Amino acid sequence: MYITCLDLEGVLVPEIWIAFAEATGIPELKKTTRDEPDYDKLMNYRIEILKEHGLGLKEIQETIAKIDPLPGAKEFLDKLRAHGQTIIISDTFSQFAGPLMEKLGMPTIFCNELIVGADGEITGYKMRCEKSKLTTVKALQSCGFETIASGDSFNDLAMIQASKAGFLFRTTEAIKKDYPQYPAFEEYDDLYNAIINAQK
């Protein structure tokens, strides 16, 4: 029995922080897990910038409301879910993910939580578990499932490496160069075919 584990941002929807950086004109917020492997360092950097500019959850959610899935993403996900169980494992936050999940047909997502003050200020975050993507894949495997994983960033590599099959999707040239053992795809049809073939 197989479960496909997919990253969210960069794979199915645009990068939320990049969209917010563009909406606010704050280029420093364009940094993502493609650029910074240390997630704690990245999030504390983001929270500090939000504080400096007096921005909070409300402003980010207003940007998210305008974000649509990447072209072809929902169709890809629908086709994949019709063929077997699929879980989105993301380092985003439940406060961000809700509207995007509606636009994707309400797939299952495992993600994290922001710590938000009464005034809407983001003061911290709480990871669902340590090394959340790898831990989730290992837990699924302990239940008797084989996992197939795909993502685009440094924080996806552990779940890709731990899975029966793993694929990079619309990743950077640097990651492709450093991890040539993982097939890298740019189109949903190619990723879909690779996932289906891995289940045979």
# chains A, B, ... in the order shown; residues from 1 in each chain; ligands from 1

call {"tool": "select_by_dssp", "arguments": {"residues": "segment 56-153 of chain A", "states": "strand (DSSP E)", "output": "CSV table (one decimal) with N, CA, C and O atoms, in the first residue's frame"}}
result
chain,number,residue,atom,x,y,z
A,85,GLN,N,-3.9,7.1,-2.0
A,85,GLN,CA,-3.9,8.0,-0.9
A,85,GLN,C,-2.8,9.0,-1.1
A,85,GLN,O,-1.6,8.7,-1.5
A,86,THR,N,-3.1,10.3,-0.9
A,86,THR,CA,-2.1,11.4,-1.0
A,86,THR,C,-2.2,12.3,0.2
A,86,THR,O,-3.3,12.7,0.6
A,87,ILE,N,-1.1,12.7,0.8
A,87,ILE,CA,-1.0,13.6,1.9
A,87,ILE,C,-0.1,14.8,1.5
A,87,ILE,O,1.0,14.5,1.0
A,88,ILE,N,-0.5,16.0,1.8
A,88,ILE,CA,0.4,17.1,1.7
A,88,ILE,C,1.1,17.3,3.0
A,88,ILE,O,0.4,17.4,4.1
A,89,ILE,N,2.4,17.3,3.0
A,89,ILE,CA,3.2,17.5,4.2
A,89,ILE,C,4.0,18.8,4.0
A,89,ILE,O,4.8,18.9,3.2
A,90,SER,N,3.6,19.8,4.8
A,90,SER,CA,4.1,21.1,4.5
A,90,SER,C,4.6,21.8,5.8
A,90,SER,O,4.1,21.5,6.9
A,91,ASP,N,5.6,22.6,5.7
A,91,ASP,CA,6.1,23.4,6.8
A,91,ASP,C,5.4,24.8,6.9
A,91,ASP,O,5.8,25.7,7.6
A,92,THR,N,4.3,24.9,6.1
A,92,THR,CA,3.5,26.1,6.3
A,92,THR,C,2.6,26.0,7.5
A,92,THR,O,2.9,25.1,8.4
A,93,PHE,N,1.6,26.8,7.7
A,93,PHE,CA,0.9,26.9,9.0
A,93,PHE,C,-0.6,26.8,8.7
A,93,PHE,O,-1.1,27.2,7.6
A,108,THR,N,-5.9,16.2,2.3
A,108,THR,CA,-5.4,16.1,3.7
A,108,THR,C,-4.0,16.8,3.7
A,108,THR,O,-3.2,16.7,2.8
A,109,ILE,N,-3.9,17.7,4.7
A,109,ILE,CA,-2.6,18.4,4.9
A,109,ILE,C,-2.1,18.3,6.4
A,109,ILE,O,-2.9,18.4,7.3
A,110,PHE,N,-0.8,18.0,6.5
A,110,PHE,CA,-0.2,18.0,7.8
A,110,PHE,C,0.7,19.2,7.8
A,110,PHE,O,1.6,19.3,7.0
A,111,CYS,N,0.5,20.2,8.7
A,111,CYS,CA,1.4,21.4,8.8
A,111,CYS,C,1.5,21.9,10.2
A,111,CYS,O,1.2,21.1,11.1
A,112,ASN,N,2.0,23.1,10.3
A,112,ASN,CA,2.4,23.6,11.7
A,112,ASN,C,1.4,24.7,12.1
A,112,ASN,O,0.4,25.0,11.4
A,113,GLU,N,1.7,25.3,13.3
A,113,GLU,CA,0.8,26.4,13.8
A,113,GLU,C,1.6,27.6,14.1
A,113,GLU,O,2.8,27.5,14.6
A,114,LEU,N,1.1,28.8,13.8
A,114,LEU,CA,1.7,30.0,14.2
A,114,LEU,C,1.2,30.4,15.6
A,114,LEU,O,0.1,30.0,16.0
A,115,ILE,N,2.0,31.0,16.3
A,115,ILE,CA,1.6,31.6,17.6
A,115,ILE,C,1.3,33.1,17.4
A,115,ILE,O,2.2,33.8,16.9
A,116,VAL,N,0.1,33.4,17.6
A,116,VAL,CA,-0.4,34.8,17.2
A,116,VAL,C,-1.0,35.5,18.4
A,116,VAL,O,-1.8,34.9,19.2
A,122,ILE,N,2.4,38.1,14.9
A,122,ILE,CA,3.0,36.7,14.9
A,122,ILE,C,4.2,36.7,15.8
A,122,ILE,O,5.2,37.4,15.5
A,123,THR,N,4.1,36.0,16.9
A,123,THR,CA,5.2,36.1,17.8
A,123,THR,C,6.1,34.8,17.8
A,123,THR,O,7.2,34.8,18.4
A,124,GLY,N,5.6,33.8,17.1
A,124,GLY,CA,6.4,32.5,17.1
A,124,GLY,C,5.7,31.5,16.3
A,124,GLY,O,4.7,31.8,15.6
A,125,TYR,N,6.2,30.3,16.4
A,125,TYR,CA,5.5,29.2,15.6
A,125,TYR,C,5.8,27.9,16.4
A,125,TYR,O,6.7,27.8,17.2
A,126,LYS,N,4.9,26.9,16.1
A,126,LYS,CA,5.0,25.6,16.8
A,126,LYS,C,5.0,24.5,15.7
A,126,LYS,O,4.1,24.4,15.0
A,146,GLU,N,4.2,2.0,2.1
A,146,GLU,CA,5.3,2.5,1.4
A,146,GLU,C,5.0,4.0,1.0
A,146,GLU,O,3.9,4.3,0.7
A,147,THR,N,6.1,4.8,1.1
A,147,THR,CA,5.8,6.2,0.8
A,147,THR,C,6.6,6.6,-0.5
A,147,THR,O,7.7,6.1,-0.8
A,148,ILE,N,6.0,7.5,-1.3
A,148,ILE,CA,6.6,8.1,-2.4
A,148,ILE,C,6.5,9.6,-2.1
A,148,ILE,O,5.4,10.1,-1.7
A,149,ALA,N,7.6,10.3,-2.3
A,149,ALA,CA,7.6,11.7,-1.9
A,149,ALA,C,8.1,12.6,-3.0
A,149,ALA,O,9.0,12.2,-3.8
A,150,SER,N,7.6,13.9,-3.0
A,150,SER,CA,8.1,14.9,-4.0
A,150,SER,C,8.0,16.3,-3.3
A,150,SER,O,7.1,16.6,-2.6
A,151,GLY,N,9.1,17.0,-3.7
A,151,GLY,CA,9.1,18.4,-3.2
A,151,GLY,C,10.2,19.2,-4.0
A,151,GLY,O,10.8,18.7,-4.9

call {"tool": "residues_around", "arguments": {"residues": "segment 51-62 of chain A", "least_positions_apart": "6", "cutoff": "10 Å", "atoms": "only C-alpha atoms", "output": "MDAnalysis selection string"}}
result
chainID A and resid 16:17 19:21 23:24 26 95:99 114:117 119:123

call {"tool": "select_by_dssp", "arguments": {"residues": "segment 37-169 of chain A", "states": "alpha helix (DSSP H)", "output": "PyMOL selection string"}}
result
chain A and resi 39-53+57-64+73-83+94-103+132-142+157-162

call {"tool": "atom_distance", "arguments": {"atom1": "atom CA of Phe154 of chain A", "atom2": "atom CA of Ile47 of chain A"}}
result
20.3 Å

call {"tool": "closest_atom_pairs", "arguments": {"of": "segment 50-106 of chain A", "to": "segment 182-197 of chain A", "cutoff": "8 Å", "atoms": "only C-alpha atoms", "output": "tab-separated table"}}
result
residue	atom	partner	partner_atom	distance
A:Gly72	CA	A:Tyr188	CA	7.2
A:Ala73	CA	A:Tyr188	CA	7.3
A:Phe76	CA	A:Tyr188	CA	6.2
A:Leu80	CA	A:Tyr192	CA	6.9

call {"tool": "residues_around", "arguments": {"residues": "Tyr39 of chain A", "least_positions_apart": "5", "cutoff": "10 Å", "atoms": "only C-alpha atoms", "output": "PyMOL selection string"}}
result
chain A and resi 32-33+44-45+91+131+154-155

call {"tool": "closest_residue", "arguments": {"among": "A:Leu70, A:Lys138, A:Asp152, A:Arg128", "to": "Asp35 of chain A", "atoms": "only C-alpha atoms"}}
result
A:Asp152

call {"tool": "atom_distance", "arguments": {"atom1": "atom CA of Thr171 of chain A", "atom2": "atom CA of Glu15 of chain A"}}
result
12.4 Å

call {"tool": "closest_residue", "arguments": {"among": "A:Glu130, A:Ser142, A:Val13, A:Lys30", "to": "Met101 of chain A", "atoms": "only C-alpha atoms"}}
result
A:Val13

call {"tool": "residues_around", "arguments": {"residues": "Gly84 of chain A", "least_positions_apart": "4", "cutoff": "9 Å", "atoms": "only C-alpha atoms", "output": "count of residues only"}}
result
5

call {"tool": "decode", "arguments": {"residues": "segment 60-86 of chain A", "atoms": "N, CA, C and O atoms", "output": "compact mmCIF listing (two decimals), in the first residue's frame"}}
result
# COMPACT_ATOMS: atom_id res chain seq x y z
N ILE A 60 -1.07 38.97 5.97
CA ILE A 60 -0.63 37.79 5.19
C ILE A 60 -1.85 37.05 4.66
O ILE A 60 -1.88 36.62 3.51
N GLN A 61 -2.88 36.90 5.49
CA GLN A 61 -4.09 36.19 5.05
C GLN A 61 -4.79 36.92 3.90
O GLN A 61 -5.40 36.30 3.03
N GLU A 62 -4.71 38.24 3.90
CA GLU A 62 -5.30 39.02 2.79
C GLU A 62 -4.58 38.70 1.48
O GLU A 62 -5.21 38.62 0.42
N THR A 63 -3.28 38.51 1.55
CA THR A 63 -2.52 38.12 0.35
C THR A 63 -2.87 36.70 -0.07
O THR A 63 -3.09 36.41 -1.25
N ILE A 64 -2.95 35.78 0.91
CA ILE A 64 -3.26 34.38 0.62
C ILE A 64 -4.62 34.24 -0.07
O ILE A 64 -4.79 33.40 -0.95
N ALA A 65 -5.57 35.08 0.31
CA ALA A 65 -6.92 35.02 -0.28
C ALA A 65 -6.89 35.23 -1.79
O ALA A 65 -7.79 34.79 -2.51
N LYS A 66 -5.84 35.90 -2.25
CA LYS A 66 -5.73 36.21 -3.69
C LYS A 66 -4.87 35.18 -4.44
O LYS A 66 -4.72 35.28 -5.65
N ILE A 67 -4.30 34.22 -3.73
CA ILE A 67 -3.43 33.23 -4.36
C ILE A 67 -4.26 32.06 -4.88
O ILE A 67 -5.11 31.52 -4.17
N ASP A 68 -4.00 31.66 -6.09
CA ASP A 68 -4.61 30.46 -6.68
C ASP A 68 -3.58 29.36 -6.80
O ASP A 68 -2.37 29.64 -6.90
N PRO A 69 -4.01 28.09 -6.84
CA PRO A 69 -3.07 27.00 -7.10
C PRO A 69 -2.33 27.24 -8.41
O PRO A 69 -2.81 27.95 -9.30
N LEU A 70 -1.15 26.64 -8.54
CA LEU A 70 -0.40 26.73 -9.78
C LEU A 70 -1.21 26.10 -10.91
O LEU A 70 -1.97 25.15 -10.67
N PRO A 71 -1.10 26.61 -12.13
CA PRO A 71 -1.87 26.07 -13.25
C PRO A 71 -1.66 24.55 -13.40
O PRO A 71 -0.52 24.09 -13.49
N GLY A 72 -2.76 23.80 -13.39
CA GLY A 72 -2.68 22.35 -13.53
C GLY A 72 -2.55 21.59 -12.23
O GLY A 72 -2.66 20.36 -12.21
N ALA A 73 -2.33 22.31 -11.11
CA ALA A 73 -2.08 21.63 -9.83
C ALA A 73 -3.29 20.86 -9.33
O ALA A 73 -3.17 19.71 -8.88
N LYS A 74 -4.47 21.48 -9.38
CA LYS A 74 -5.66 20.79 -8.87
C LYS A 74 -5.98 19.56 -9.71
O LYS A 74 -6.32 18.50 -9.17
N GLU A 75 -5.84 19.68 -11.02
CA GLU A 75 -6.12 18.55 -11.90
C GLU A 75 -5.14 17.40 -11.63
O GLU A 75 -5.52 16.23 -11.58
N PHE A 76 -3.87 17.74 -11.43
CA PHE A 76 -2.85 16.75 -11.08
C PHE A 76 -3.20 16.05 -9.77
O PHE A 76 -3.17 14.82 -9.67
N LEU A 77 -3.57 16.85 -8.77
CA LEU A 77 -3.89 16.29 -7.46
C LEU A 77 -5.14 15.42 -7.52
O LEU A 77 -5.19 14.35 -6.92
N ASP A 78 -6.16 15.86 -8.25
CA ASP A 78 -7.39 15.07 -8.41
C ASP A 78 -7.08 13.70 -9.02
O ASP A 78 -7.57 12.66 -8.58
N LYS A 79 -6.25 13.72 -10.06
CA LYS A 79 -5.89 12.48 -10.76
C LYS A 79 -5.09 11.55 -9.84
O LYS A 79 -5.32 10.34 -9.80
N LEU A 80 -4.19 12.14 -9.08
CA LEU A 80 -3.35 11.36 -8.17
C LEU A 80 -4.18 10.76 -7.04
O LEU A 80 -4.03 9.58 -6.70
N ARG A 81 -5.09 11.54 -6.49
CA ARG A 81 -5.92 11.08 -5.37
C ARG A 81 -6.90 9.99 -5.82
O ARG A 81 -7.30 9.14 -5.02
N ALA A 82 -7.28 10.03 -7.09
CA ALA A 82 -8.16 8.98 -7.62
C ALA A 82 -7.42 7.65 -7.72
O ALA A 82 -8.04 6.58 -7.74
N HIS A 83 -6.10 7.72 -7.74
CA HIS A 83 -5.27 6.52 -7.92
C HIS A 83 -4.75 5.97 -6.59
O HIS A 83 -4.29 4.84 -6.53
N GLY A 84 -4.81 6.76 -5.53
CA GLY A 84 -4.31 6.28 -4.24
C GLY A 84 -4.27 7.41 -3.22
O GLY A 84 -4.54 8.56 -3.53
N GLN A 85 -3.93 7.05 -1.99
CA GLN A 85 -3.90 8.03 -0.91
C GLN A 85 -2.76 9.05 -1.11
O GLN A 85 -1.64 8.68 -1.46
N THR A 86 -3.08 10.30 -0.86
CA THR A 86 -2.11 11.38 -1.01
C THR A 86 -2.23 12.32 0.19
O THR A 86 -3.33 12.68 0.59
